[in-house]
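Let me begin by presenting the structure, written as structure tokens, before commenting on it.
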Amino acid sequence: MIRKTVANVTDALAGVKDGMTFMLGGFGLCGIPENAISELVRLGVNDITCISNNAGVDDFGLGLLLQQHQIKKMISSYVGENDEFERQMLSGELEVELTPQGTLAEKCRAAQGGFPAFFTPAGYGTEVAEGKEVREFNGKMYILEEAFKADFAFVKAWKGDAAGNLIFKGTARNFNPCMCGAATITVAEVEELVPEGELDPNQIHIPGIFVQRIFQGKDYEKRIEQRTVRQK
């Protein structure tokens, strides 16, 4: 069995450089690869394209990369709670490609499965369809969407083993699974790393064949993007 473990986040991100395209799992602040993002900030990698559902908040998640102007282009489904993301987009400092959320997920899943493109009805008749092939199937119009091409995919899982098998917990099982194997190199950070054979095969969400590097993460904050409580 091939062992995928690396000593730390620095070894996990070996080979990243300016101008690359990165996929980053998570939804809002749930299940984001906190350690990988912090390392990208520390490395000062610039002119990067980020494929992620959103860009975190101003001082956390991908917002940390936006603060340092390390991101050249964001491919995401919404601006979310990040004021700096919105400011850079409206000022023209940041290139933004807004994509329907289901299409974003499917473009990851297509890359994961080795499919170059697929047809979807989402976005037909809107700006999303501009410049794309349109075809009719059973009386309904569809647009052609190409699968993503990324250099690295950074994902966060609850538990993993040395062979790269992953288990996600709760709603952290969002964009993370479909980004595994959807890039040239998939890096998984986990809260708990165990030896091969310790995970119940029936509980594994992503098999290790989709992961090239795995490491034990640390110091997870797991912030809440927007806390709402009931009035007493």
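By convention here, the chains of the structure tokens are called A, B, ... in the order presented, each chain's residues are numbered starting at 1, and ligands are numbered starting at 1 in the order presented.
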Surrounding residues of Gly123 in chain A excluding itself and chain neighbours under 5 positions, 12 Å, only C-alpha atoms, as a PDB file with N, CA, C and O atoms, in the first residue's frame:
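Saved file selection.pdb follows:
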```
ATOM      1  N   LEU A  98     -18.168  34.416 -11.587  1.00  0.00           N
ATOM      2  CA  LEU A  98     -19.257  33.865 -10.792  1.00  0.00           C
ATOM      3  C   LEU A  98     -19.911  32.719 -11.547  1.00  0.00           C
ATOM      4  O   LEU A  98     -20.238  32.845 -12.733  1.00  0.00           O
ATOM      5  N   THR A  99     -20.096  31.609 -10.871  1.00  0.00           N
ATOM      6  CA  THR A  99     -20.593  30.383 -11.473  1.00  0.00           C
ATOM      7  C   THR A  99     -21.747  29.833 -10.648  1.00  0.00           C
ATOM      8  O   THR A  99     -21.669  29.842  -9.417  1.00  0.00           O
ATOM      9  N   PRO A 100     -22.832  29.374 -11.285  1.00  0.00           N
ATOM     10  CA  PRO A 100     -23.909  28.740 -10.507  1.00  0.00           C
ATOM     11  C   PRO A 100     -23.333  27.654  -9.600  1.00  0.00           C
ATOM     12  O   PRO A 100     -22.455  26.889 -10.004  1.00  0.00           O
ATOM     13  N   GLN A 101     -23.850  27.582  -8.379  1.00  0.00           N
ATOM     14  CA  GLN A 101     -23.247  26.699  -7.380  1.00  0.00           C
ATOM     15  C   GLN A 101     -23.233  25.236  -7.816  1.00  0.00           C
ATOM     16  O   GLN A 101     -22.225  24.534  -7.638  1.00  0.00           O
ATOM     17  N   GLY A 102     -24.323  24.761  -8.398  1.00  0.00           N
ATOM     18  CA  GLY A 102     -24.355  23.379  -8.864  1.00  0.00           C
ATOM     19  C   GLY A 102     -23.373  23.131  -9.990  1.00  0.00           C
ATOM     20  O   GLY A 102     -22.742  22.065 -10.072  1.00  0.00           O
ATOM     21  N   THR A 103     -23.216  24.134 -10.867  1.00  0.00           N
ATOM     22  CA  THR A 103     -22.263  24.012 -11.968  1.00  0.00           C
ATOM     23  C   THR A 103     -20.841  23.982 -11.440  1.00  0.00           C
ATOM     24  O   THR A 103     -19.990  23.223 -11.925  1.00  0.00           O
ATOM     25  N   LEU A 104     -20.565  24.794 -10.432  1.00  0.00           N
ATOM     26  CA  LEU A 104     -19.239  24.810  -9.811  1.00  0.00           C
ATOM     27  C   LEU A 104     -18.888  23.424  -9.267  1.00  0.00           C
ATOM     28  O   LEU A 104     -17.793  22.902  -9.500  1.00  0.00           O
ATOM     29  N   VAL A 128     -24.125  33.896 -18.087  1.00  0.00           N
ATOM     30  CA  VAL A 128     -23.331  32.686 -17.862  1.00  0.00           C
ATOM     31  C   VAL A 128     -23.119  31.913 -19.164  1.00  0.00           C
ATOM     32  O   VAL A 128     -22.084  31.280 -19.374  1.00  0.00           O
ATOM     33  N   ALA A 129     -24.088  31.993 -20.065  1.00  0.00           N
ATOM     34  CA  ALA A 129     -24.049  31.216 -21.303  1.00  0.00           C
ATOM     35  C   ALA A 129     -23.282  31.903 -22.430  1.00  0.00           C
ATOM     36  O   ALA A 129     -23.068  31.289 -23.486  1.00  0.00           O
ATOM     37  N   GLU A 130     -22.878  33.137 -22.228  1.00  0.00           N
ATOM     38  CA  GLU A 130     -22.220  33.883 -23.300  1.00  0.00           C
ATOM     39  C   GLU A 130     -20.943  33.184 -23.773  1.00  0.00           C
ATOM     40  O   GLU A 130     -20.079  32.835 -22.968  1.00  0.00           O
ATOM     41  N   LYS A 132     -20.624  30.217 -25.000  1.00  0.00           N
ATOM     42  CA  LYS A 132     -20.592  28.776 -24.798  1.00  0.00           C
ATOM     43  C   LYS A 132     -21.525  28.056 -25.773  1.00  0.00           C
ATOM     44  O   LYS A 132     -22.529  28.613 -26.211  1.00  0.00           O
ATOM     45  N   VAL A 134     -24.414  25.847 -27.153  1.00  0.00           N
ATOM     46  CA  VAL A 134     -25.771  25.574 -26.674  1.00  0.00           C
ATOM     47  C   VAL A 134     -26.372  24.446 -27.505  1.00  0.00           C
ATOM     48  O   VAL A 134     -26.273  24.444 -28.731  1.00  0.00           O
ATOM     49  N   MET A 141     -33.070  23.496 -23.462  1.00  0.00           N
ATOM     50  CA  MET A 141     -31.785  24.026 -23.883  1.00  0.00           C
ATOM     51  C   MET A 141     -30.731  23.857 -22.783  1.00  0.00           C
ATOM     52  O   MET A 141     -30.998  24.069 -21.593  1.00  0.00           O
ATOM     53  N   TYR A 142     -29.536  23.483 -23.220  1.00  0.00           N
ATOM     54  CA  TYR A 142     -28.414  23.257 -22.306  1.00  0.00           C
ATOM     55  C   TYR A 142     -27.178  23.984 -22.816  1.00  0.00           C
ATOM     56  O   TYR A 142     -27.023  24.193 -24.020  1.00  0.00           O
ATOM     57  N   ILE A 143     -26.281  24.350 -21.887  1.00  0.00           N
ATOM     58  CA  ILE A 143     -25.017  24.956 -22.279  1.00  0.00           C
ATOM     59  C   ILE A 143     -23.870  24.013 -21.911  1.00  0.00           C
ATOM     60  O   ILE A 143     -23.969  23.222 -20.967  1.00  0.00           O
ATOM     61  N   LEU A 144     -22.799  24.099 -22.694  1.00  0.00           N
ATOM     62  CA  LEU A 144     -21.641  23.239 -22.464  1.00  0.00           C
ATOM     63  C   LEU A 144     -20.701  23.905 -21.465  1.00  0.00           C
ATOM     64  O   LEU A 144     -20.284  25.040 -21.644  1.00  0.00           O
ATOM     65  N   GLU A 145     -20.382  23.190 -20.398  1.00  0.00           N
ATOM     66  CA  GLU A 145     -19.433  23.666 -19.393  1.00  0.00           C
ATOM     67  C   GLU A 145     -18.234  22.733 -19.367  1.00  0.00           C
ATOM     68  O   GLU A 145     -18.375  21.514 -19.344  1.00  0.00           O
TER      69      GLU A 145
END
```
Check: Leaving out Tyr220 in chain A and any residue of its chain fewer than 2 positions from it, which residues lie within 8 Å of it when counting only C-alpha atoms, given as a PyMOL selection string?
Finding: chain A and resi 34-35+217-218+222
Write the selection just made, keeping all heavy atoms, as a PDB file, in the first residue's frame?
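Saved result, again_2.pdb, follows:
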```
ATOM      1  N   GLU A  34      -7.724  25.155   6.637  1.00  0.00           N
ATOM      2  CA  GLU A  34      -7.132  26.290   7.343  1.00  0.00           C
ATOM      3  C   GLU A  34      -5.601  26.289   7.305  1.00  0.00           C
ATOM      4  O   GLU A  34      -4.968  27.326   7.100  1.00  0.00           O
ATOM      5  CB  GLU A  34      -7.604  26.306   8.796  1.00  0.00           C
ATOM      6  CG  GLU A  34      -9.095  26.542   8.969  1.00  0.00           C
ATOM      7  CD  GLU A  34      -9.508  26.496  10.438  1.00  0.00           C
ATOM      8  OE1 GLU A  34      -8.685  26.876  11.300  1.00  0.00           O
ATOM      9  OE2 GLU A  34     -10.641  26.077  10.720  1.00  0.00           O
ATOM     10  N   ASN A  35      -5.004  25.114   7.516  1.00  0.00           N
ATOM     11  CA  ASN A  35      -3.543  25.031   7.542  1.00  0.00           C
ATOM     12  C   ASN A  35      -2.938  25.344   6.179  1.00  0.00           C
ATOM     13  O   ASN A  35      -1.927  26.051   6.081  1.00  0.00           O
ATOM     14  CB  ASN A  35      -3.099  23.641   7.989  1.00  0.00           C
ATOM     15  CG  ASN A  35      -3.294  23.393   9.476  1.00  0.00           C
ATOM     16  OD1 ASN A  35      -2.511  22.719  10.121  1.00  0.00           O
ATOM     17  ND2 ASN A  35      -4.366  23.925  10.041  1.00  0.00           N
ATOM     18  N   GLY A 217      -3.393  18.078  10.516  1.00  0.00           N
ATOM     19  CA  GLY A 217      -3.525  19.511  10.725  1.00  0.00           C
ATOM     20  C   GLY A 217      -3.501  19.852  12.205  1.00  0.00           C
ATOM     21  O   GLY A 217      -3.500  18.972  13.065  1.00  0.00           O
ATOM     22  N   LYS A 218      -3.471  21.138  12.502  1.00  0.00           N
ATOM     23  CA  LYS A 218      -3.443  21.571  13.899  1.00  0.00           C
ATOM     24  C   LYS A 218      -4.039  22.968  14.044  1.00  0.00           C
ATOM     25  O   LYS A 218      -4.230  23.683  13.049  1.00  0.00           O
ATOM     26  CB  LYS A 218      -2.011  21.562  14.426  1.00  0.00           C
ATOM     27  CG  LYS A 218      -1.066  22.507  13.676  1.00  0.00           C
ATOM     28  CD  LYS A 218       0.342  22.432  14.251  1.00  0.00           C
ATOM     29  CE  LYS A 218       1.271  23.412  13.524  1.00  0.00           C
ATOM     30  NZ  LYS A 218       2.648  23.382  14.095  1.00  0.00           N
ATOM     31  N   LYS A 222     -12.175  26.777  13.415  1.00  0.00           N
ATOM     32  CA  LYS A 222     -13.563  26.417  13.082  1.00  0.00           C
ATOM     33  C   LYS A 222     -14.532  27.558  13.425  1.00  0.00           C
ATOM     34  O   LYS A 222     -15.512  27.373  14.155  1.00  0.00           O
ATOM     35  CB  LYS A 222     -13.987  25.142  13.813  1.00  0.00           C
ATOM     36  CG  LYS A 222     -13.187  23.913  13.430  1.00  0.00           C
ATOM     37  CD  LYS A 222     -13.748  22.675  14.108  1.00  0.00           C
ATOM     38  CE  LYS A 222     -12.966  21.448  13.767  1.00  0.00           C
ATOM     39  NZ  LYS A 222     -13.503  20.225  14.417  1.00  0.00           N
TER      40      LYS A 222
END
```
Note to self: Could you list, as a VMD selection string, every residue within 9 Å of Pro207 in chain A, counting only C-alpha atoms and ignoring same-chain residues fewer than 3 positions away?
What the structure shows: chain A and resid 163 to 166 204 210 to 211
Store the residues picked out above, limited to C-alpha atoms, as a PDB file, in the first residue's frame.
```pdb
ATOM      1  CA  ALA A 163      -3.054   5.643   2.532  1.00  0.00           C
ATOM      2  CA  GLY A 164      -5.073   8.816   1.957  1.00  0.00           C
ATOM      3  CA  ASN A 165      -8.548   7.429   2.669  1.00  0.00           C
ATOM      4  CA  LEU A 166     -10.795  10.193   4.013  1.00  0.00           C
ATOM      5  CA  ILE A 204     -14.804   6.002   3.986  1.00  0.00           C
ATOM      6  CA  PHE A 210      -7.789  10.424  -5.151  1.00  0.00           C
ATOM      7  CA  VAL A 211      -5.237  11.830  -2.677  1.00  0.00           C
TER       8      VAL A 211
END
```
Next item on the list: Would you kindly return, as number ranges by chain, each protein, DNA or RNA residue with an atom no farther than 10 Å from any atom of Lys4 in chain A, considering only C-alpha atoms and excluding same-chain residues fewer than 4 positions away?
Entry: A: 12, 161-165, 187-188, 208-209, 211-215
Selection from above, C-alpha atoms, as an mmCIF file, in the first residue's frame, can you write it?
```cif
data_model
loop_
_atom_site.group_PDB
_atom_site.id
_atom_site.type_symbol
_atom_site.label_atom_id
_atom_site.label_comp_id
_atom_site.auth_asym_id
_atom_site.auth_seq_id
_atom_site.Cartn_x
_atom_site.Cartn_y
_atom_site.Cartn_z
ATOM 1 C CA ALA A 12 2.449 19.074 1.754
ATOM 2 C CA ASP A 161 -5.281 7.267 7.187
ATOM 3 C CA ALA A 162 -1.750 6.966 5.861
ATOM 4 C CA ALA A 163 -3.054 5.643 2.532
ATOM 5 C CA GLY A 164 -5.073 8.816 1.957
ATOM 6 C CA ASN A 165 -8.548 7.429 2.669
ATOM 7 C CA VAL A 187 -3.492 17.628 -0.550
ATOM 8 C CA ALA A 188 -5.670 16.579 2.383
ATOM 9 C CA GLY A 208 -6.928 7.172 -1.106
ATOM 10 C CA ILE A 209 -6.430 6.869 -4.857
ATOM 11 C CA VAL A 211 -5.237 11.830 -2.677
ATOM 12 C CA GLN A 212 -1.511 12.347 -3.234
ATOM 13 C CA ARG A 213 -0.510 13.916 0.110
ATOM 14 C CA ILE A 214 -2.052 13.835 3.584
ATOM 15 C CA PHE A 215 -0.961 15.427 6.851
#
```
Next item on the list: Show which residues sit within 12 Å of Gly63 in chain A, as a PyMOL selection string. Count only C-alpha atoms, and ignore same-chain residues fewer than 5 positions away.
Entry: chain A and resi 28-29+32+34+37-38+40-41+50+52+54-58+68-71+74+79-88
Next item on the list: Would you please give, as a PyMOL selection string, all residues of range 137-199 of chain A that DSSP assigns to strand (DSSP E) based on the backbone?
Entry: chain A and resi 137+140-146+152-161+166-167+185-194
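The protein and nucleic acid residues lying at most 6 Å from Lys73 in chain A are Thr49, Leu94, Glu95 and Val96 of chain A, with only C-alpha atoms considered and sequence neighbours fewer than 3 positions away removed.
The residue that comes closest to Ala157 in chain A, out of A:Gly139, A:Gly26, A:Pro201, A:Gly19 and on the basis of only C-alpha atoms, is A:Gly26.
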Margin query: Let me make sure I understand: among A:Pro121, A:Ala153, A:Ala14, A:Gly170, which one has the smallest atom-to-atom distance to Asn138 in chain A if we use only C-alpha atoms?
Written below: A:Pro121
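One distance worth recording is that between CA of Phe175 in chain A and CA of Asn53 in chain A, which is 7.6 Å.
Minimum atom-to-atom distance to Glu221 in chain A, evaluated using only C-alpha atoms, belongs to A:Cys30 out of A:Leu64, A:Val9, A:Cys180, A:Cys30.
For the pair CA of Ile2 in chain A and CA of Glu39 in chain A, the separation is 25.4 Å.
Minimum atom-to-atom distance to Gly44 in chain A, evaluated using only C-alpha atoms, belongs to A:Lys17 out of A:Lys72, A:Lys17, A:Arg135, A:His205.
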